[in-house]
$ cat input27.tsv   # TSV, C-alpha atoms
chain	number	residue	atom	x	y	z
H	1	MET	CA	17.39	-0.96	21.60
H	2	ASN	CA	17.10	1.59	24.35
H	3	ILE	CA	13.75	2.40	25.95
H	4	CYS	CA	13.49	5.85	24.33
H	5	VAL	CA	14.00	4.47	20.82
H	6	ARG	CA	11.51	1.69	21.48
H	7	PHE	CA	8.89	4.13	22.79
H	8	ILE	CA	9.25	6.46	19.80
H	9	SER	CA	9.34	3.55	17.32
H	10	ASP	CA	6.16	2.17	18.85
H	11	GLY	CA	4.59	5.60	18.42
H	12	ILE	CA	5.53	5.61	14.73
H	13	ARG	CA	4.00	2.16	14.31
H	14	ASP	CA	0.83	3.32	16.06
H	15	THR	CA	0.69	6.34	13.75
H	16	LEU	CA	0.96	4.07	10.70
H	17	ALA	CA	-1.82	1.86	12.09
H	18	HIS	CA	-4.10	4.87	12.66
H	19	TYR	CA	-3.54	6.04	9.10
H	20	ARG	CA	-4.25	2.59	7.67
H	21	ARG	CA	-7.52	2.45	9.65
H	22	ASP	CA	-8.50	5.86	8.21
H	23	ASP	CA	-8.30	7.42	11.67
H	24	LEU	CA	-5.63	9.91	10.55
H	25	PRO	CA	-5.54	12.13	7.45
H	26	LEU	CA	-2.49	11.96	5.20
H	27	HIS	CA	-1.21	15.45	6.04
H	28	ARG	CA	-1.34	14.58	9.75
H	29	LEU	CA	0.48	11.28	9.11
H	30	SER	CA	3.26	13.21	7.39
H	31	TRP	CA	3.53	15.67	10.28
H	32	GLU	CA	3.46	12.90	12.93
H	33	LEU	CA	6.21	10.97	11.13
H	34	HIS	CA	8.35	14.09	10.78
H	35	THR	CA	7.95	15.00	14.45
H	36	ARG	CA	8.58	11.51	15.80
H	37	ILE	CA	11.62	10.94	13.58
H	38	ASP	CA	13.09	14.26	14.74
H	39	THR	CA	12.59	13.08	18.33
H	40	LEU	CA	14.69	9.99	17.55
H	41	VAL	CA	17.74	12.01	16.44
H	42	PRO	CA	19.68	12.05	19.74
H	43	HIS	CA	18.86	8.41	20.46
H	44	ALA	CA	19.44	6.50	17.22
H	45	PRO	CA	22.19	6.02	14.63
H	46	SER	CA	22.25	8.65	11.90
H	47	VAL	CA	22.08	6.03	9.13
H	48	TRP	CA	18.78	4.79	10.51
H	49	ILE	CA	17.46	8.35	10.95
H	50	ASP	CA	18.42	9.13	7.34
H	51	GLN	CA	16.46	6.10	6.10
H	52	LEU	CA	13.40	7.12	8.08
H	53	ARG	CA	13.64	10.75	6.96
H	54	ASP	CA	13.93	9.74	3.32
H	55	LEU	CA	10.76	7.69	3.60
H	56	GLN	CA	8.97	10.48	5.48
H	57	ARG	CA	9.91	12.93	2.72
H	58	ARG	CA	8.30	10.62	0.17
H	59	VAL	CA	5.13	10.64	2.26
H	60	ALA	CA	5.28	14.45	2.59
H	61	GLU	CA	5.60	14.86	-1.18
H	62	VAL	CA	2.31	13.09	-1.82
H	63	ALA	CA	0.60	14.58	1.25
H	64	ILE	CA	0.47	18.01	-0.41
H	65	THR	CA	-1.61	16.66	-3.30
H	66	PRO	CA	-5.39	17.11	-2.91
H	67	GLU	CA	-6.17	13.87	-4.77
H	68	LEU	CA	-3.57	11.18	-5.22
H	69	THR	CA	-2.88	9.66	-8.60
H	70	GLU	CA	-2.40	5.93	-8.96
H	71	GLY	CA	1.38	6.45	-9.00
H	72	GLU	CA	1.24	8.56	-5.84
H	73	HIS	CA	-0.84	5.88	-4.11
H	74	ARG	CA	1.84	3.34	-5.05
H	75	THR	CA	4.61	5.61	-3.80
H	76	LEU	CA	2.75	6.13	-0.53
H	77	ASP	CA	2.04	2.42	-0.03
H	78	GLU	CA	5.65	1.49	-0.80
H	79	SER	CA	6.98	4.18	1.52
H	80	LEU	CA	4.76	3.12	4.42
H	81	THR	CA	5.66	-0.55	3.91
H	82	LEU	CA	9.37	0.28	3.83
H	83	LEU	CA	9.00	2.50	6.90
H	84	ALA	CA	7.39	-0.37	8.82
H	85	ASP	CA	10.15	-2.71	7.60
H	86	VAL	CA	12.90	-0.32	8.74
H	87	LEU	CA	11.26	-0.08	12.17
H	88	GLU	CA	10.92	-3.86	12.38
H	89	LEU	CA	14.61	-4.35	11.53
H	90	ALA	CA	15.55	-1.98	14.33
H	91	HIS	CA	13.64	-4.16	16.81
H	92	SER	CA	15.52	-7.26	15.69
$ encode --input "input27.tsv" --output "structure tokens"
Amino acid sequence: MNICVRFISDGIRDTLAHYRRDDLPLHRLSWELHTRIDTLVPHAPSVWIDQLRDLQRRVAEVAITPELTEGEHRTLDESLTLLADVLELAHS
């Protein structure tokens, strides 16, 4: 993994950690993910970018809801777990 990809991936992981500690609101998480994934585009394989973007879109869909339903909470939790897994696989 090149240094740029590692730096941006670490930033995504930090963003996820801030959200999980309640240091970051959901709408900001969605924006941070979108921005950081876009920054990866010239440095990472398109298949990987597509996976990350798909997961970010799932987060964005629930981020526009004022109060999350139980199903939306599940979708969000699954998406964030998968996002962390995809990042971890890239480090391997």
$ closest_residue --input "input27.tsv" --among "H:Pro45, H:Asn2, H:Ile37, H:Leu89" --to "Thr15 of chain H" --atoms "only C-alpha atoms"
H:Ile37
$ closest_residue --input "input27.tsv" --among "H:Ile3, H:Val47, H:Ile12, H:Val59" --to "Glu78 of chain H" --atoms "all atoms listed in the file"
H:Val59
$ residues_around --input "input27.tsv" --residues "Ala44 of chain H" --least-positions-apart "5" --cutoff "12 Å" --atoms "all atoms listed in the file" --output "list in words"
Met1, Asn2, Ile3, Cys4, Val5, Arg6, Ile8, Ser9, Ile37, Asp38, Thr39, Ile49, Asp50, Gln51, Leu52, Leu87 and Ala90 of chain H
$ atom_distance --input "input27.tsv" --atom1 "atom CA of Ser46 of chain H" --atom2 "atom CA of His73 of chain H"
28.2 Å
$ residues_around --input "input27.tsv" --residues "segment 16-23 of chain H" --least-positions-apart "6" --cutoff "9 Å" --atoms "only C-alpha atoms" --output "list in words"
Leu29, Leu33, Leu80 and Ala84 of chain H
$ atom_distance --input "input27.tsv" --atom1 "atom CA of Gly11 of chain H" --atom2 "atom CA of Leu76 of chain H"
19.0 Å
$ closest_residue --input "input27.tsv" --among "H:Asp77, H:Glu70, H:Asp85, H:Asp54" --to "His34 of chain H" --atoms "only C-alpha atoms"
H:Asp54
$ atom_distance --input "input27.tsv" --atom1 "atom CA of Ser30 of chain H" --atom2 "atom CA of Ala60 of chain H"
5.4 Å
$ closest_residue --input "input27.tsv" --among "H:Arg74, H:His43, H:His91, H:His27" --to "Gln56 of chain H" --atoms "all atoms listed in the file"
H:His27
$ build_atoms --input "input27.tsv" --residues "segment 66-79 of chain H" --atoms "N, CA and C atoms" --output "mmCIF file, in the frame of the given file"
data_model
loop_
_atom_site.group_PDB
_atom_site.id
_atom_site.type_symbol
_atom_site.label_atom_id
_atom_site.label_comp_id
_atom_site.auth_asym_id
_atom_site.auth_seq_id
_atom_site.Cartn_x
_atom_site.Cartn_y
_atom_site.Cartn_z
ATOM 1 N N PRO H 66 -3.988 17.267 -3.346
ATOM 2 C CA PRO H 66 -5.390 17.110 -2.910
ATOM 3 C C PRO H 66 -5.962 15.718 -3.207
ATOM 4 N N GLU H 67 -5.716 15.216 -4.400
ATOM 5 C CA GLU H 67 -6.170 13.870 -4.770
ATOM 6 C C GLU H 67 -4.995 13.119 -5.349
ATOM 7 N N LEU H 68 -4.737 11.952 -4.796
ATOM 8 C CA LEU H 68 -3.570 11.180 -5.220
ATOM 9 C C LEU H 68 -3.834 10.447 -6.528
ATOM 10 N N THR H 69 -2.821 10.460 -7.378
ATOM 11 C CA THR H 69 -2.880 9.660 -8.600
ATOM 12 C C THR H 69 -2.562 8.217 -8.241
ATOM 13 N N GLU H 70 -2.725 7.332 -9.189
ATOM 14 C CA GLU H 70 -2.400 5.930 -8.960
ATOM 15 C C GLU H 70 -0.921 5.778 -8.598
ATOM 16 N N GLY H 71 -0.056 6.501 -9.284
ATOM 17 C CA GLY H 71 1.380 6.450 -9.000
ATOM 18 C C GLY H 71 1.699 6.964 -7.601
ATOM 19 N N GLU H 72 1.017 8.022 -7.188
ATOM 20 C CA GLU H 72 1.240 8.560 -5.840
ATOM 21 C C GLU H 72 0.742 7.592 -4.772
ATOM 22 N N HIS H 73 -0.368 6.916 -5.034
ATOM 23 C CA HIS H 73 -0.840 5.880 -4.110
ATOM 24 C C HIS H 73 0.201 4.777 -3.970
ATOM 25 N N ARG H 74 0.794 4.372 -5.087
ATOM 26 C CA ARG H 74 1.840 3.340 -5.050
ATOM 27 C C ARG H 74 3.041 3.814 -4.255
ATOM 28 N N THR H 75 3.473 5.039 -4.528
ATOM 29 C CA THR H 75 4.610 5.610 -3.800
ATOM 30 C C THR H 75 4.327 5.639 -2.303
ATOM 31 N N LEU H 76 3.136 6.064 -1.939
ATOM 32 C CA LEU H 76 2.750 6.130 -0.530
ATOM 33 C C LEU H 76 2.743 4.741 0.092
ATOM 34 N N ASP H 77 2.099 3.792 -0.560
ATOM 35 C CA ASP H 77 2.040 2.420 -0.030
ATOM 36 C C ASP H 77 3.432 1.826 0.132
ATOM 37 N N GLU H 78 4.282 2.007 -0.878
ATOM 38 C CA GLU H 78 5.650 1.490 -0.800
ATOM 39 C C GLU H 78 6.416 2.142 0.338
ATOM 40 N N SER H 79 6.267 3.449 0.475
ATOM 41 C CA SER H 79 6.980 4.180 1.520
ATOM 42 C C SER H 79 6.553 3.730 2.909
#
